[in-house]
Amino acid sequence: MVEYGVSKKMLETALRVGQRFWDPLNRSIVHVLEEGFASGRSLGVAQDPISQVIKTVMKGKDIIRRRFIPF
(Lines give C-alpha, C1' and ligand atoms only; values in the text may rest on other atoms or scores of the structure.)
Protein backbone atom coordinates (compact mmCIF):
# COMPACT_ATOMS: atom_id res chain seq x y z
CA MET A 1 0.00 0.00 0.00
CA VAL A 2 2.75 2.41 0.93
CA GLU A 3 4.61 1.78 -2.34
CA TYR A 4 1.58 2.92 -4.38
CA GLY A 5 0.44 5.70 -2.07
CA VAL A 6 -2.78 3.91 -1.10
CA SER A 7 -4.30 4.92 2.22
CA LYS A 8 -6.33 2.63 4.45
CA LYS A 9 -9.43 4.68 3.63
CA MET A 10 -8.88 4.19 -0.13
CA LEU A 11 -8.45 0.47 0.38
CA GLU A 12 -11.66 0.28 2.42
CA THR A 13 -13.52 2.27 -0.24
CA ALA A 14 -12.35 -0.11 -2.99
CA LEU A 15 -13.49 -3.10 -0.93
CA ARG A 16 -16.85 -1.50 -0.22
CA VAL A 17 -17.85 0.02 -3.58
CA GLY A 18 -15.35 -1.25 -6.15
CA GLN A 19 -16.45 -3.45 -9.03
CA ARG A 20 -15.79 -7.08 -8.11
CA PHE A 21 -14.12 -9.69 -10.30
CA TRP A 22 -12.96 -13.28 -9.87
CA ASP A 23 -9.32 -13.82 -10.91
CA PRO A 24 -9.08 -17.56 -11.66
CA LEU A 25 -5.31 -17.49 -12.15
CA ASN A 26 -4.58 -16.15 -8.66
CA ARG A 27 -7.78 -17.42 -7.04
CA SER A 28 -8.62 -13.97 -5.74
CA ILE A 29 -11.49 -11.53 -5.67
CA VAL A 30 -10.31 -8.27 -7.18
CA HIS A 31 -12.10 -5.05 -6.20
CA VAL A 32 -11.54 -2.33 -8.82
CA LEU A 33 -12.19 1.33 -8.14
CA GLU A 34 -12.02 2.92 -11.59
CA GLU A 35 -10.29 6.31 -11.65
CA GLY A 36 -9.95 6.18 -7.88
CA PHE A 37 -6.95 8.50 -7.94
CA ALA A 38 -6.91 12.20 -8.84
CA SER A 39 -4.52 11.29 -11.68
CA GLY A 40 -7.26 9.18 -13.28
CA ARG A 41 -5.59 5.91 -12.43
CA SER A 42 -7.59 3.01 -11.06
CA LEU A 43 -7.10 1.09 -7.83
CA GLY A 44 -7.28 -2.69 -7.63
CA VAL A 45 -7.30 -4.69 -4.40
CA ALA A 46 -6.89 -8.48 -4.60
CA GLN A 47 -8.34 -10.38 -1.64
CA ASP A 48 -8.34 -14.04 -0.67
CA PRO A 49 -11.98 -15.17 -0.87
CA ILE A 50 -11.79 -17.40 2.21
CA SER A 51 -9.47 -15.67 4.68
CA GLN A 52 -10.32 -12.13 3.44
CA VAL A 53 -6.58 -11.30 3.61
CA ILE A 54 -5.43 -8.61 1.16
CA LYS A 55 -3.03 -10.26 -1.28
CA THR A 56 -1.93 -7.22 -3.29
CA VAL A 57 -2.78 -3.67 -4.26
CA MET A 58 -2.54 -2.48 -7.87
CA LYS A 59 -2.55 1.03 -9.31
CA GLY A 60 -2.76 1.88 -12.99
CA LYS A 61 -4.91 2.49 -16.02
CA ASP A 62 -5.44 -1.13 -17.11
CA ILE A 63 -6.24 -3.02 -13.90
CA ILE A 64 -9.00 -5.20 -15.34
CA ARG A 65 -7.47 -8.22 -17.09
CA ARG A 66 -9.16 -10.30 -19.78
CA ARG A 67 -9.16 -13.32 -17.48
CA PHE A 68 -11.20 -11.54 -14.80
CA ILE A 69 -14.79 -12.73 -14.46
CA PRO A 70 -17.24 -10.06 -13.23
CA PHE A 71 -19.56 -10.83 -10.33
# chains A, B, ... in the order shown; residues from 1 in each chain; ligands from 1
$ residues_around --residues "Gly60 (chain A)" --least-positions-apart "6" --cutoff "8 Å" --atoms "only C-alpha atoms" --output "list in words"
Arg41, Ser42 and Leu43 of chain A
$ residues_around --residues "Asp62 (chain A)" --least-positions-apart "4" --cutoff "12 Å" --atoms "only C-alpha atoms" --output "JSON, numbers by chain"
{"A": [32, 33, 34, 35, 40, 41, 42, 43, 44, 58, 66]}
$ residues_around --residues "Val53 (chain A)" --least-positions-apart "4" --cutoff "12 Å" --atoms "only C-alpha atoms" --output "list in words"
Leu15, Ser28, Ile29, Val30, Val45, Ala46, Gln47, Asp48, Pro49 and Val57 of chain A
$ select_by_dssp --residues "region 15-66 of chain A" --states "strand (DSSP E)" --output "PyMOL selection string"
chain A and resi 19-23+28-33+42-47+54-60
$ closest_residue --among "A:Ser39, A:Gln19, A:Met1, A:Glu12" --to "Lys55 (chain A)" --atoms "only C-alpha atoms"
A:Met1
$ atom_distance --atom1 "CA of His31 (chain A)" --atom2 "CA of Ile63 (chain A)"
9.9 Å
$ residues_around --residues "Arg67 (chain A)" --least-positions-apart "3" --cutoff "8 Å" --atoms "only C-alpha atoms" --output "ChimeraX atom specification"
/A:23-25
$ select_by_dssp --residues "chain A" --states "alpha helix (DSSP H)" --output "PyMOL selection string"
chain A and resi 8-17
$ write_last_selection --atoms "N, CA, C and O atoms" --output "PDB file, in the first residue's frame"
ATOM      1  N   LYS A   8      -5.392   3.631   3.932  1.00  0.00           N
ATOM      2  CA  LYS A   8      -6.326   2.629   4.454  1.00  0.00           C
ATOM      3  C   LYS A   8      -7.754   2.969   4.041  1.00  0.00           C
ATOM      4  O   LYS A   8      -8.541   2.084   3.707  1.00  0.00           O
ATOM      5  N   LYS A   9      -8.078   4.253   4.016  1.00  0.00           N
ATOM      6  CA  LYS A   9      -9.430   4.680   3.626  1.00  0.00           C
ATOM      7  C   LYS A   9      -9.707   4.344   2.159  1.00  0.00           C
ATOM      8  O   LYS A   9     -10.796   3.905   1.806  1.00  0.00           O
ATOM      9  N   MET A  10      -8.716   4.532   1.283  1.00  0.00           N
ATOM     10  CA  MET A  10      -8.876   4.194  -0.126  1.00  0.00           C
ATOM     11  C   MET A  10      -9.079   2.696  -0.299  1.00  0.00           C
ATOM     12  O   MET A  10      -9.910   2.257  -1.094  1.00  0.00           O
ATOM     13  N   LEU A  11      -8.316   1.919   0.448  1.00  0.00           N
ATOM     14  CA  LEU A  11      -8.447   0.468   0.383  1.00  0.00           C
ATOM     15  C   LEU A  11      -9.843   0.047   0.829  1.00  0.00           C
ATOM     16  O   LEU A  11     -10.495  -0.758   0.162  1.00  0.00           O
ATOM     17  N   GLU A  12     -10.314   0.604   1.922  1.00  0.00           N
ATOM     18  CA  GLU A  12     -11.659   0.283   2.424  1.00  0.00           C
ATOM     19  C   GLU A  12     -12.739   0.690   1.427  1.00  0.00           C
ATOM     20  O   GLU A  12     -13.714  -0.038   1.238  1.00  0.00           O
ATOM     21  N   THR A  13     -12.555   1.819   0.759  1.00  0.00           N
ATOM     22  CA  THR A  13     -13.517   2.268  -0.242  1.00  0.00           C
ATOM     23  C   THR A  13     -13.560   1.294  -1.420  1.00  0.00           C
ATOM     24  O   THR A  13     -14.637   0.939  -1.898  1.00  0.00           O
ATOM     25  N   ALA A  14     -12.398   0.858  -1.880  1.00  0.00           N
ATOM     26  CA  ALA A  14     -12.345  -0.105  -2.989  1.00  0.00           C
ATOM     27  C   ALA A  14     -13.049  -1.405  -2.600  1.00  0.00           C
ATOM     28  O   ALA A  14     -13.793  -1.978  -3.400  1.00  0.00           O
ATOM     29  N   LEU A  15     -12.846  -1.873  -1.385  1.00  0.00           N
ATOM     30  CA  LEU A  15     -13.491  -3.103  -0.930  1.00  0.00           C
ATOM     31  C   LEU A  15     -15.004  -2.931  -0.816  1.00  0.00           C
ATOM     32  O   LEU A  15     -15.764  -3.863  -1.078  1.00  0.00           O
ATOM     33  N   ARG A  16     -15.438  -1.742  -0.444  1.00  0.00           N
ATOM     34  CA  ARG A  16     -16.854  -1.504  -0.221  1.00  0.00           C
ATOM     35  C   ARG A  16     -17.628  -1.235  -1.514  1.00  0.00           C
ATOM     36  O   ARG A  16     -18.697  -1.784  -1.725  1.00  0.00           O
ATOM     37  N   VAL A  17     -17.082  -0.401  -2.408  1.00  0.00           N
ATOM     38  CA  VAL A  17     -17.851   0.018  -3.584  1.00  0.00           C
ATOM     39  C   VAL A  17     -17.216  -0.346  -4.921  1.00  0.00           C
ATOM     40  O   VAL A  17     -17.816  -0.098  -5.965  1.00  0.00           O
TER      41      VAL A  17
END
$ atom_distance --atom1 "CA of Phe71 (chain A)" --atom2 "CA of Trp22 (chain A)"
7.1 Å
